[in-house]
Amino acid sequence: MPAMTMVQSLNAAIDEALAGNDKVVAFGEDVGYFGGVFGVTRGLQEKYGLDRVFDAPINEAAIVAMGMGMAVNGLRPIAEIQFADYIFPGFDQVVSELSRIRYRSAGQYTAPLVIRTPCGGGIYGGQTHSMSPEAFFTHIPGVKVAMPSNPYDAKGMLLAAVEDDDPVIFFEPKRLYNGPFDGDPHKPATSWARHPRGEVPEGAYTVPLGVGEIVRPGSEVTVVAYGTMVHVANYAAEKTGVDAEVIDLRTLVPWDVDMVTASVKKTGRCVVLHEAPRTSGFGAELAAQIQEDCFYSLEAPVLRVTGWDTPYPHAHEWSYFPGPDRVGRALKQVMEG
Amino acid sequence: MSDKKADAVEEPNTGQQKVEAEAVERRTSKSELLKYYEDMLLIRRFEEKAGQLYGMGLIAGFCHLYIGQEAVVVGMQGAIEEGDQVITGYRDHGHMLACGMDPKGVMAELTGRKDGYSKGKGGSMHMFSRDKQFFGGHGIVGAQVPIGAGLAFANRYKENDRVSLTYFGDGAANQGQVYEAFNMAELWALPVVFIIENNQYAMGTSVKRASSEVHLHKRGASFAIPGEEVDGMDVLAVRDAGRRAVYDARRGEGPTILEMKTYRYRGHSMSDPAKYRTREEVQGVREKSDPIEHAKRMLLAADWASEDELKELDKSVKAVCQEAAQFSQDSPEPDPEELYTDVLAEA
């Protein structure tokens with residue numbers, strides 16, 4: 001199996017989708033001629049032509065809405081919003097139109113649109129190129145929300161998203177595009193080539209949405225993470241020596257409640273992680289559900305390690321980022337609880 | 001600005017122009033005009049009935065009546081072919097009836113019943129028919145416009161020669177995403193016709209109070225989209241403008257903006273006392289420019305129908321609406337389990 005970066009595996013997924021179904025189109029700002037600001041769609045316009053891989057004007061509202069119109073009318077569009085921070089002009093379309101067409105047409109119409117968007121910090125993007133806005137979308141009934149943490153999952157999940165009959169907001173942690181990142185910015189960058197999940201099969205395969213993965217089995221505490229924080233969790237467990245069971249949630253809506261609650265009932269302790277700010281973050285939903293389902297198994301309160309309730313800072317990037325030290329402290333704290 | 005007169009809008013052009021038999025015969029045929037008349041009358045009587053049911057408490061929430069604007073959808077429907085697509089905003093009952101959707105299913109959706117087009121889950125503003133290629137019914141002002149362009153994109157991509165009619169109001173014409181849609185539609189020569197139903201009031205705000213350029217058909221100029229002002233109270237004028245625009249769209253010439261000068265007689269919704277305009281203004285339009293009366297005058301002038309025959313037609317249309325009203329009350333309430341269905345695909 002070839003080693004791929006996440007950029008390459010996402011490119012391979014879109015390539016497979018375009019090759020496998022002539023109803024698939026890919027579009028967005030700089031997606032066609034330029035090949036995407038991070039190169040995810042590089043070479044695809046040359047291969048599939050202007051009708052299937054094309055540039056959109058800088059109009060996020062209409063990118064979402066056009067994608068929806070195409071999707072309800074029989075296509076399987078993959079739209080790119082160049083940075084997750086740019087998605088808000090299209091937010092109305094996601095909230096009021098895309099997510100609800102199935103419900104309010106009583107199932108007559110569905111909108112199988114995939115919105116891919118790079119999210120998260122770690123590249124000094126500052127306030128408008130670093131956000132993890134997943135919780136805005138997990139709050140919307142009628143859309144699925146996914147965030148892979150490695151090249152293998154990225155390809156399989158993106159292909160699953162394209163096949164899915166519902167709209168999917170597909171977040172791509174951009175700090176992971178070209179290598180895994182354990183949260184320590186002072187270490188030299190590592191390559192996906194040396195990571196087991198950097199091996200990506202050729203051809204089409206799917207990783208089902210809604211299914212998490214135990215990426216590090218353990219017995220003392222369950223760590224629930226997604227995206228970049230999966231790697232931070234593994235590193236923190238290694239550094240602290242806490243026997244943590246790390247779950248990569250992979251899909252946030254619908255999330256794998258069974259996997260998480262089974263693990264928490266086993267370990268009796270839980271820490272949930274995300275990069276986004278703490279208040280009303282997706283961690284709040286996780287913690288609430290976990291305490292409802294696992295209350296009598298819990299030895300300690302469920303803890304959250306998250307970004308601070310501030311805008312994503314520029315100079316203070318690493319003070320904001322919930323890195324391995326903060327996660328490690330939480331692991332120790334929950335063990336003492 | 002406080003003077004209502006100063007705020008009053010231009011009246012639609014139809015006026016009480018003299019209807020000559022010869023001119024009518026040149027423009028249309030007996031069967032066509034009778035059909036338009038009946039279709040417009042159906043919308044009018046349906047909406048009157050809906051207003052009654054609302055007053056009786058059988059329809060809850062929001063209900064935006066189309067009375068006064070009937071010539072717009074009926075004329076445009078006369079400009080398209082089977083398989084062409086329609087999407088509109090929240091004042092949508094007329095569009096659905098014009099598309100051939102069953103009045104019973106529309107009324108039952110208004111009353112929130114099981115046999116409504118959306119099983120009661122959509123209500124007045126959110127109904128759909130895959131069978132009739134009607135794509136809603138959208139309650140967010142202007143949000144349907146780029147979606148309509150997206151429908152057109154898919155049609156162009158599939159090379160199926162279908163055109164999508166994308167309706168919106170004068171209020172929506174100021175929404176930013178409308179211009180995003182204009183740009184893309186022209187850039188990609190999409191087979192879409194943008195129809196601005198300028199009924200001259202966005203809820204309680206007249207076009208003059210909200211728009212720096214009140215001639216909304218000019219709004220496409222900076223995107224190189226041609227625009228045309230149309231007498232939206234004359235069903236044949238609408239049909240003609242519609243045919244030109246649809247012809248261009250279908251053969252790959254891209255979008256046209258048709259500004260339909262029209263007027264709604266009732267309030268914005270059922271709760272609107274319409275204090276932003278005078279009674280005289282409304283009465284003036286009704287008397288001088290009513291689209292159904294206009295069609296009637298044409299039918300009589302050409303001697304294609306007698307007063308008695310039109311009365312009989314009205315009776316049968318009223319009976320259809322009465323039947324729909326009865327159906328909408330007899331249809332059961334939706335099952336409680338429907339609350340949770342169709343959020344996502346069933347696993």
# chains A, B, ... in the order shown; residues from 1 in each chain; ligands from 1

call {"tool": "closest_atom_pairs", "arguments": {"of": "chain A", "to": "chain B", "cutoff": "9 Å", "atoms": "only C-alpha atoms", "output": "JSON lines"}}
result
{"residue": "A:Lys23", "atom": "CA", "partner": "B:Lys158", "partner_atom": "CA", "distance": 8.5}
{"residue": "A:Asp51", "atom": "CA", "partner": "B:Tyr157", "partner_atom": "CA", "distance": 7.3}
{"residue": "A:Arg52", "atom": "CA", "partner": "B:Tyr157", "partner_atom": "CA", "distance": 8.6}
{"residue": "A:Ala56", "atom": "CA", "partner": "B:Met184", "partner_atom": "CA", "distance": 7.8}
{"residue": "A:Pro57", "atom": "CA", "partner": "B:Met184", "partner_atom": "CA", "distance": 7.5}
{"residue": "A:Ile58", "atom": "CA", "partner": "B:Glu180", "partner_atom": "CA", "distance": 8.8}
{"residue": "A:Asn59", "atom": "CA", "partner": "B:Glu180", "partner_atom": "CA", "distance": 6.1}
{"residue": "A:Glu60", "atom": "CA", "partner": "B:Glu180", "partner_atom": "CA", "distance": 8.8}
{"residue": "A:Ala61", "atom": "CA", "partner": "B:Gln177", "partner_atom": "CA", "distance": 6.2}
{"residue": "A:Ala62", "atom": "CA", "partner": "B:Pro146", "partner_atom": "CA", "distance": 5.5}
{"residue": "A:Ile63", "atom": "CA", "partner": "B:Pro146", "partner_atom": "CA", "distance": 8.4}
{"residue": "A:Val64", "atom": "CA", "partner": "B:Ile147", "partner_atom": "CA", "distance": 8.6}
{"residue": "A:Ala65", "atom": "CA", "partner": "B:Ile147", "partner_atom": "CA", "distance": 4.8}
{"residue": "A:Met66", "atom": "CA", "partner": "B:Gly150", "partner_atom": "CA", "distance": 3.9}
{"residue": "A:Gly67", "atom": "CA", "partner": "B:Gly150", "partner_atom": "CA", "distance": 6.2}
{"residue": "A:Met68", "atom": "CA", "partner": "B:Ile147", "partner_atom": "CA", "distance": 6.3}
{"residue": "A:Gly69", "atom": "CA", "partner": "B:Gly150", "partner_atom": "CA", "distance": 3.9}
{"residue": "A:Met70", "atom": "CA", "partner": "B:Gly150", "partner_atom": "CA", "distance": 4.8}
{"residue": "A:Ala71", "atom": "CA", "partner": "B:Ala154", "partner_atom": "CA", "distance": 8.0}
{"residue": "A:Val72", "atom": "CA", "partner": "B:Leu151", "partner_atom": "CA", "distance": 7.5}
{"residue": "A:Asn73", "atom": "CA", "partner": "B:Leu151", "partner_atom": "CA", "distance": 5.7}
{"residue": "A:Gly74", "atom": "CA", "partner": "B:Ala154", "partner_atom": "CA", "distance": 7.1}
{"residue": "A:Leu75", "atom": "CA", "partner": "B:Ala154", "partner_atom": "CA", "distance": 6.5}
{"residue": "A:Pro89", "atom": "CA", "partner": "B:Gln177", "partner_atom": "CA", "distance": 9.0}
{"residue": "A:Asp92", "atom": "CA", "partner": "B:Ala143", "partner_atom": "CA", "distance": 8.1}
{"residue": "A:Gln93", "atom": "CA", "partner": "B:Ala143", "partner_atom": "CA", "distance": 6.9}
{"residue": "A:Ser96", "atom": "CA", "partner": "B:Ile140", "partner_atom": "CA", "distance": 7.2}
{"residue": "A:Glu97", "atom": "CA", "partner": "B:Ala143", "partner_atom": "CA", "distance": 7.7}
{"residue": "A:Ser99", "atom": "CA", "partner": "B:Val343", "partner_atom": "CA", "distance": 8.1}
{"residue": "A:Arg100", "atom": "CA", "partner": "B:Val343", "partner_atom": "CA", "distance": 7.3}
{"residue": "A:Ile101", "atom": "CA", "partner": "B:Val343", "partner_atom": "CA", "distance": 8.9}
{"residue": "A:Arg102", "atom": "CA", "partner": "B:Asp342", "partner_atom": "CA", "distance": 5.7}
{"residue": "A:Tyr103", "atom": "CA", "partner": "B:Asp342", "partner_atom": "CA", "distance": 4.7}
{"residue": "A:Arg104", "atom": "CA", "partner": "B:Gly122", "partner_atom": "CA", "distance": 4.6}
{"residue": "A:Ser105", "atom": "CA", "partner": "B:Ser118", "partner_atom": "CA", "distance": 4.9}
{"residue": "A:Ala106", "atom": "CA", "partner": "B:Ser118", "partner_atom": "CA", "distance": 4.7}
{"residue": "A:Gly107", "atom": "CA", "partner": "B:Asp342", "partner_atom": "CA", "distance": 5.5}
{"residue": "A:Gln108", "atom": "CA", "partner": "B:Arg130", "partner_atom": "CA", "distance": 6.1}
{"residue": "A:Tyr109", "atom": "CA", "partner": "B:Arg130", "partner_atom": "CA", "distance": 7.2}
{"residue": "A:Thr110", "atom": "CA", "partner": "B:Ala345", "partner_atom": "CA", "distance": 8.6}
{"residue": "A:Pro141", "atom": "CA", "partner": "B:Val343", "partner_atom": "CA", "distance": 6.6}
{"residue": "A:Gly142", "atom": "CA", "partner": "B:Val343", "partner_atom": "CA", "distance": 5.0}
{"residue": "A:Val143", "atom": "CA", "partner": "B:Leu344", "partner_atom": "CA", "distance": 7.4}
{"residue": "A:Lys144", "atom": "CA", "partner": "B:Leu344", "partner_atom": "CA", "distance": 8.4}
{"residue": "A:Asp164", "atom": "CA", "partner": "B:Ala345", "partner_atom": "CA", "distance": 8.7}
{"residue": "A:Asp165", "atom": "CA", "partner": "B:Ala345", "partner_atom": "CA", "distance": 6.7}
{"residue": "A:Asp166", "atom": "CA", "partner": "B:Leu344", "partner_atom": "CA", "distance": 6.3}
{"residue": "A:Pro167", "atom": "CA", "partner": "B:Leu344", "partner_atom": "CA", "distance": 8.9}

call {"tool": "residues_around", "arguments": {"residues": "Pro2 in chain A", "least_positions_apart": "4", "cutoff": "12 Å", "atoms": "only C-alpha atoms", "output": "list in words"}}
result
Gln8, Ser9, Ala12, Pro151, Tyr152, Trp192, Ala193, Arg194, His195, Pro196, Arg197, Gly198, Glu199, Val200, Pro201, Glu202 and Gly203 of chain A

call {"tool": "write_last_selection", "arguments": {"atoms": "C-alpha atoms", "output": "PDB file, in the first residue's frame"}}
result
ATOM      1  CA  GLN A   8      -3.043  12.959  -1.171  1.00  0.00           C
ATOM      2  CA  SER A   9      -5.582  10.560   0.266  1.00  0.00           C
ATOM      3  CA  ALA A  12      -7.441  10.090  -4.182  1.00  0.00           C
ATOM      4  CA  PRO A 151      -5.073   9.635   5.674  1.00  0.00           C
ATOM      5  CA  TYR A 152      -6.648   6.179   5.684  1.00  0.00           C
ATOM      6  CA  TRP A 192       2.559  10.199   7.407  1.00  0.00           C
ATOM      7  CA  ALA A 193       4.904   7.736   5.733  1.00  0.00           C
ATOM      8  CA  ARG A 194       5.990   6.547   9.168  1.00  0.00           C
ATOM      9  CA  HIS A 195       2.464   6.330  10.576  1.00  0.00           C
ATOM     10  CA  PRO A 196       0.474   3.100  10.145  1.00  0.00           C
ATOM     11  CA  ARG A 197      -2.581   5.074   9.014  1.00  0.00           C
ATOM     12  CA  GLY A 198      -0.523   6.795   6.368  1.00  0.00           C
ATOM     13  CA  GLU A 199      -0.827   3.611   4.346  1.00  0.00           C
ATOM     14  CA  VAL A 200      -3.753   4.088   2.027  1.00  0.00           C
ATOM     15  CA  PRO A 201      -5.096   1.368  -0.250  1.00  0.00           C
ATOM     16  CA  GLU A 202      -5.561   2.121  -3.896  1.00  0.00           C
ATOM     17  CA  GLY A 203      -9.078   2.037  -5.244  1.00  0.00           C
TER      18      GLY A 203
END

call {"tool": "residues_around", "arguments": {"residues": "range 245-260 of chain A", "least_positions_apart": "3", "cutoff": "8 Å", "atoms": "only C-alpha atoms", "output": "ChimeraX atom specification"}}
result
/A:138,143-149,209-227,230,233-234,263-264,290

call {"tool": "write_last_selection", "arguments": {"atoms": "N, CA, C and O atoms", "output": "compact mmCIF listing (two decimals), in the first residue's frame"}}
result
# COMPACT_ATOMS: atom_id res chain seq x y z
N THR A 138 -23.03 20.55 14.59
CA THR A 138 -23.60 19.40 15.30
C THR A 138 -24.93 19.78 15.93
O THR A 138 -25.71 18.91 16.30
N VAL A 143 -27.99 17.33 9.32
CA VAL A 143 -26.70 17.20 8.64
C VAL A 143 -25.81 16.26 9.45
O VAL A 143 -25.91 16.19 10.67
N LYS A 144 -24.97 15.55 8.74
CA LYS A 144 -23.96 14.73 9.40
C LYS A 144 -22.67 15.54 9.49
O LYS A 144 -22.43 16.41 8.64
N VAL A 145 -21.87 15.24 10.49
CA VAL A 145 -20.63 16.00 10.71
C VAL A 145 -19.51 15.00 10.94
O VAL A 145 -19.63 14.12 11.81
N ALA A 146 -18.45 15.12 10.17
CA ALA A 146 -17.35 14.16 10.27
C ALA A 146 -16.02 14.89 10.32
O ALA A 146 -15.89 16.01 9.81
N MET A 147 -15.03 14.26 10.96
CA MET A 147 -13.69 14.83 11.00
C MET A 147 -12.66 13.71 11.15
O MET A 147 -12.49 13.15 12.23
N PRO A 148 -12.01 13.36 10.06
CA PRO A 148 -11.02 12.27 10.15
C PRO A 148 -9.73 12.75 10.80
O PRO A 148 -9.46 13.94 10.86
N SER A 149 -8.94 11.76 11.26
CA SER A 149 -7.68 12.13 11.92
C SER A 149 -6.46 11.55 11.21
O SER A 149 -5.35 11.69 11.70
N LEU A 209 -19.58 6.19 8.21
CA LEU A 209 -19.84 7.32 9.10
C LEU A 209 -20.60 6.80 10.33
O LEU A 209 -21.37 5.85 10.24
N GLY A 210 -20.35 7.42 11.45
CA GLY A 210 -21.08 7.05 12.67
C GLY A 210 -20.39 5.98 13.50
O GLY A 210 -20.93 5.56 14.52
N VAL A 211 -19.23 5.55 13.05
CA VAL A 211 -18.51 4.49 13.77
C VAL A 211 -17.16 5.04 14.24
O VAL A 211 -16.35 5.50 13.44
N GLY A 212 -16.94 5.01 15.54
CA GLY A 212 -15.67 5.45 16.10
C GLY A 212 -14.63 4.35 16.05
O GLY A 212 -14.89 3.25 15.54
N GLU A 213 -13.46 4.65 16.55
CA GLU A 213 -12.42 3.63 16.59
C GLU A 213 -11.60 3.78 17.86
O GLU A 213 -11.21 4.90 18.23
N ILE A 214 -11.35 2.64 18.51
CA ILE A 214 -10.44 2.67 19.66
C ILE A 214 -9.02 2.64 19.10
O ILE A 214 -8.59 1.61 18.57
N VAL A 215 -8.33 3.74 19.17
CA VAL A 215 -7.01 3.80 18.55
C VAL A 215 -5.91 3.43 19.55
O VAL A 215 -4.77 3.19 19.17
N ARG A 216 -6.26 3.44 20.83
CA ARG A 216 -5.29 3.04 21.84
C ARG A 216 -6.08 2.37 22.95
O ARG A 216 -6.79 3.03 23.70
N PRO A 217 -6.02 1.07 23.05
CA PRO A 217 -6.77 0.40 24.11
C PRO A 217 -6.16 0.71 25.47
O PRO A 217 -4.94 0.88 25.59
N GLY A 218 -6.98 0.79 26.48
CA GLY A 218 -6.49 1.07 27.83
C GLY A 218 -7.54 0.73 28.85
O GLY A 218 -8.68 0.41 28.50
N SER A 219 -7.19 0.82 30.12
CA SER A 219 -8.11 0.36 31.16
C SER A 219 -8.45 1.42 32.19
O SER A 219 -9.39 1.26 32.95
N GLU A 220 -7.67 2.52 32.25
CA GLU A 220 -7.84 3.43 33.39
C GLU A 220 -8.75 4.62 33.12
O GLU A 220 -9.44 5.10 34.02
N VAL A 221 -8.72 5.13 31.91
CA VAL A 221 -9.52 6.30 31.59
C VAL A 221 -9.83 6.30 30.09
O VAL A 221 -8.99 5.90 29.28
N THR A 222 -11.03 6.71 29.75
CA THR A 222 -11.41 6.83 28.35
C THR A 222 -11.17 8.27 27.90
O THR A 222 -11.63 9.20 28.56
N VAL A 223 -10.45 8.42 26.80
CA VAL A 223 -10.27 9.75 26.23
C VAL A 223 -11.04 9.79 24.91
O VAL A 223 -10.79 8.98 24.02
N VAL A 224 -11.98 10.72 24.81
CA VAL A 224 -12.76 10.85 23.58
C VAL A 224 -12.24 12.07 22.82
O VAL A 224 -12.23 13.18 23.35
N ALA A 225 -11.80 11.82 21.58
CA ALA A 225 -11.18 12.90 20.80
C ALA A 225 -11.55 12.74 19.34
O ALA A 225 -12.11 11.71 18.94
N TYR A 226 -11.25 13.76 18.56
CA TYR A 226 -11.41 13.67 17.10
C TYR A 226 -10.45 14.64 16.46
O TYR A 226 -9.99 15.60 17.10
N GLY A 227 -10.12 14.37 15.21
CA GLY A 227 -9.20 15.26 14.49
C GLY A 227 -7.82 15.27 15.13
O GLY A 227 -7.32 14.25 15.63
N VAL A 230 -6.77 13.58 18.56
CA VAL A 230 -6.53 12.14 18.71
C VAL A 230 -5.03 11.90 18.92
O VAL A 230 -4.62 11.13 19.80
N ALA A 233 -3.92 13.15 22.28
CA ALA A 233 -4.35 12.23 23.34
C ALA A 233 -3.38 11.05 23.46
O ALA A 233 -2.96 10.67 24.57
N ASN A 234 -3.00 10.50 22.32
CA ASN A 234 -2.05 9.37 22.35
C ASN A 234 -0.73 9.78 22.99
O ASN A 234 -0.17 9.06 23.81
N SER A 263 -16.83 1.87 26.73
CA SER A 263 -15.47 2.13 27.21
C SER A 263 -15.50 2.81 28.58
O SER A 263 -14.77 2.42 29.49
N VAL A 264 -16.36 3.81 28.73
CA VAL A 264 -16.41 4.54 30.00
C VAL A 264 -16.91 3.64 31.13
O VAL A 264 -16.43 3.70 32.26
N ILE A 290 -22.46 11.20 28.31
CA ILE A 290 -21.70 10.18 29.03
C ILE A 290 -22.17 10.10 30.49
O ILE A 290 -22.38 9.02 31.02

call {"tool": "residues_around", "arguments": {"residues": "Glu70 in chain B", "least_positions_apart": "6", "cutoff": "9 Å", "atoms": "only C-alpha atoms", "output": "list in words"}}
result
Asp39, Met40, Leu41, Ile43, Arg44, Gly94, His95, Gly232, Met233, Val235, Pro291 and Ile292 of chain B

call {"tool": "select_by_dssp", "arguments": {"residues": "range 42-233 of chain B", "states": "helix (DSSP H, G or I)", "output": "PyMOL selection string"}}
result
chain B and resi 42-55+70-77+93-98+103-110+144-158+172-174+176-187+207-210+216-223

call {"tool": "residues_around", "arguments": {"residues": "Asp309 in chain A", "least_positions_apart": "4", "cutoff": "8 Å", "atoms": "only C-alpha atoms", "output": "number ranges by chain"}}
result
A: 277-279

call {"tool": "atom_distance", "arguments": {"atom1": "CA of Asp325 in chain A", "atom2": "CA of Asp243 in chain A"}}
result
16.0 Å

call {"tool": "residues_around", "arguments": {"residues": "Gln283 in chain B", "least_positions_apart": "5", "cutoff": "9 Å", "atoms": "only C-alpha atoms", "output": "JSON, numbers by chain"}}
result
{"B": [265, 278, 288]}

call {"tool": "write_last_selection", "arguments": {"atoms": "C-alpha atoms", "output": "PDB file, in the first residue's frame"}}
result
ATOM      1  CA  TYR B 265     -54.513  42.589  -2.324  1.00  0.00           C
ATOM      2  CA  THR B 278     -54.271  53.170   1.757  1.00  0.00           C
ATOM      3  CA  LYS B 288     -58.372  48.861 -12.703  1.00  0.00           C
TER       4      LYS B 288
END

call {"tool": "residues_around", "arguments": {"residues": "Asn178 in chain A", "least_positions_apart": "2", "cutoff": "12 Å", "atoms": "only C-alpha atoms", "output": "PyMOL selection string"}}
result
chain A and resi 3-10+38-40+123+149-151+172-176+180-181+189-195+198

call {"tool": "atom_distance", "arguments": {"atom1": "CA of Thr267 in chain A", "atom2": "CA of Gly283 in chain A"}}
result
18.5 Å

call {"tool": "decode", "arguments": {"residues": "range 215-227 of chain A", "atoms": "N, CA, C and O atoms", "output": "PDB file, in the first residue's frame"}}
result
ATOM      1  N   VAL A 215      -8.329   3.742  19.171  1.00  0.00           N
ATOM      2  CA  VAL A 215      -7.010   3.804  18.548  1.00  0.00           C
ATOM      3  C   VAL A 215      -5.911   3.433  19.547  1.00  0.00           C
ATOM      4  O   VAL A 215      -4.770   3.187  19.169  1.00  0.00           O
ATOM      5  N   ARG A 216      -6.258   3.443  20.831  1.00  0.00           N
ATOM      6  CA  ARG A 216      -5.287   3.039  21.839  1.00  0.00           C
ATOM      7  C   ARG A 216      -6.082   2.365  22.954  1.00  0.00           C
ATOM      8  O   ARG A 216      -6.793   3.035  23.703  1.00  0.00           O
ATOM      9  N   PRO A 217      -6.018   1.073  23.053  1.00  0.00           N
ATOM     10  CA  PRO A 217      -6.771   0.396  24.107  1.00  0.00           C
ATOM     11  C   PRO A 217      -6.160   0.706  25.474  1.00  0.00           C
ATOM     12  O   PRO A 217      -4.941   0.884  25.593  1.00  0.00           O
ATOM     13  N   GLY A 218      -6.984   0.789  26.477  1.00  0.00           N
ATOM     14  CA  GLY A 218      -6.495   1.068  27.825  1.00  0.00           C
ATOM     15  C   GLY A 218      -7.545   0.731  28.847  1.00  0.00           C
ATOM     16  O   GLY A 218      -8.685   0.410  28.497  1.00  0.00           O
ATOM     17  N   SER A 219      -7.187   0.822  30.122  1.00  0.00           N
ATOM     18  CA  SER A 219      -8.113   0.361  31.160  1.00  0.00           C
ATOM     19  C   SER A 219      -8.449   1.418  32.195  1.00  0.00           C
ATOM     20  O   SER A 219      -9.387   1.262  32.950  1.00  0.00           O
ATOM     21  N   GLU A 220      -7.667   2.518  32.251  1.00  0.00           N
ATOM     22  CA  GLU A 220      -7.838   3.434  33.394  1.00  0.00           C
ATOM     23  C   GLU A 220      -8.752   4.620  33.122  1.00  0.00           C
ATOM     24  O   GLU A 220      -9.437   5.095  34.022  1.00  0.00           O
ATOM     25  N   VAL A 221      -8.716   5.127  31.909  1.00  0.00           N
ATOM     26  CA  VAL A 221      -9.523   6.302  31.594  1.00  0.00           C
ATOM     27  C   VAL A 221      -9.827   6.297  30.089  1.00  0.00           C
ATOM     28  O   VAL A 221      -8.986   5.902  29.285  1.00  0.00           O
ATOM     29  N   THR A 222     -11.028   6.714  29.751  1.00  0.00           N
ATOM     30  CA  THR A 222     -11.405   6.833  28.345  1.00  0.00           C
ATOM     31  C   THR A 222     -11.171   8.268  27.897  1.00  0.00           C
ATOM     32  O   THR A 222     -11.625   9.202  28.556  1.00  0.00           O
ATOM     33  N   VAL A 223     -10.448   8.424  26.798  1.00  0.00           N
ATOM     34  CA  VAL A 223     -10.271   9.754  26.228  1.00  0.00           C
ATOM     35  C   VAL A 223     -11.042   9.794  24.906  1.00  0.00           C
ATOM     36  O   VAL A 223     -10.792   8.982  24.019  1.00  0.00           O
ATOM     37  N   VAL A 224     -11.980  10.723  24.806  1.00  0.00           N
ATOM     38  CA  VAL A 224     -12.763  10.851  23.577  1.00  0.00           C
ATOM     39  C   VAL A 224     -12.244  12.067  22.819  1.00  0.00           C
ATOM     40  O   VAL A 224     -12.228  13.182  23.347  1.00  0.00           O
ATOM     41  N   ALA A 225     -11.797  11.824  21.580  1.00  0.00           N
ATOM     42  CA  ALA A 225     -11.183  12.902  20.805  1.00  0.00           C
ATOM     43  C   ALA A 225     -11.550  12.736  19.342  1.00  0.00           C
ATOM     44  O   ALA A 225     -12.114  11.714  18.936  1.00  0.00           O
ATOM     45  N   TYR A 226     -11.252  13.760  18.559  1.00  0.00           N
ATOM     46  CA  TYR A 226     -11.410  13.665  17.100  1.00  0.00           C
ATOM     47  C   TYR A 226     -10.451  14.642  16.460  1.00  0.00           C
ATOM     48  O   TYR A 226      -9.987  15.595  17.099  1.00  0.00           O
ATOM     49  N   GLY A 227     -10.117  14.368  15.211  1.00  0.00           N
ATOM     50  CA  GLY A 227      -9.200  15.264  14.495  1.00  0.00           C
ATOM     51  C   GLY A 227      -7.815  15.268  15.134  1.00  0.00           C
ATOM     52  O   GLY A 227      -7.319  14.248  15.634  1.00  0.00           O
TER      53      GLY A 227
END
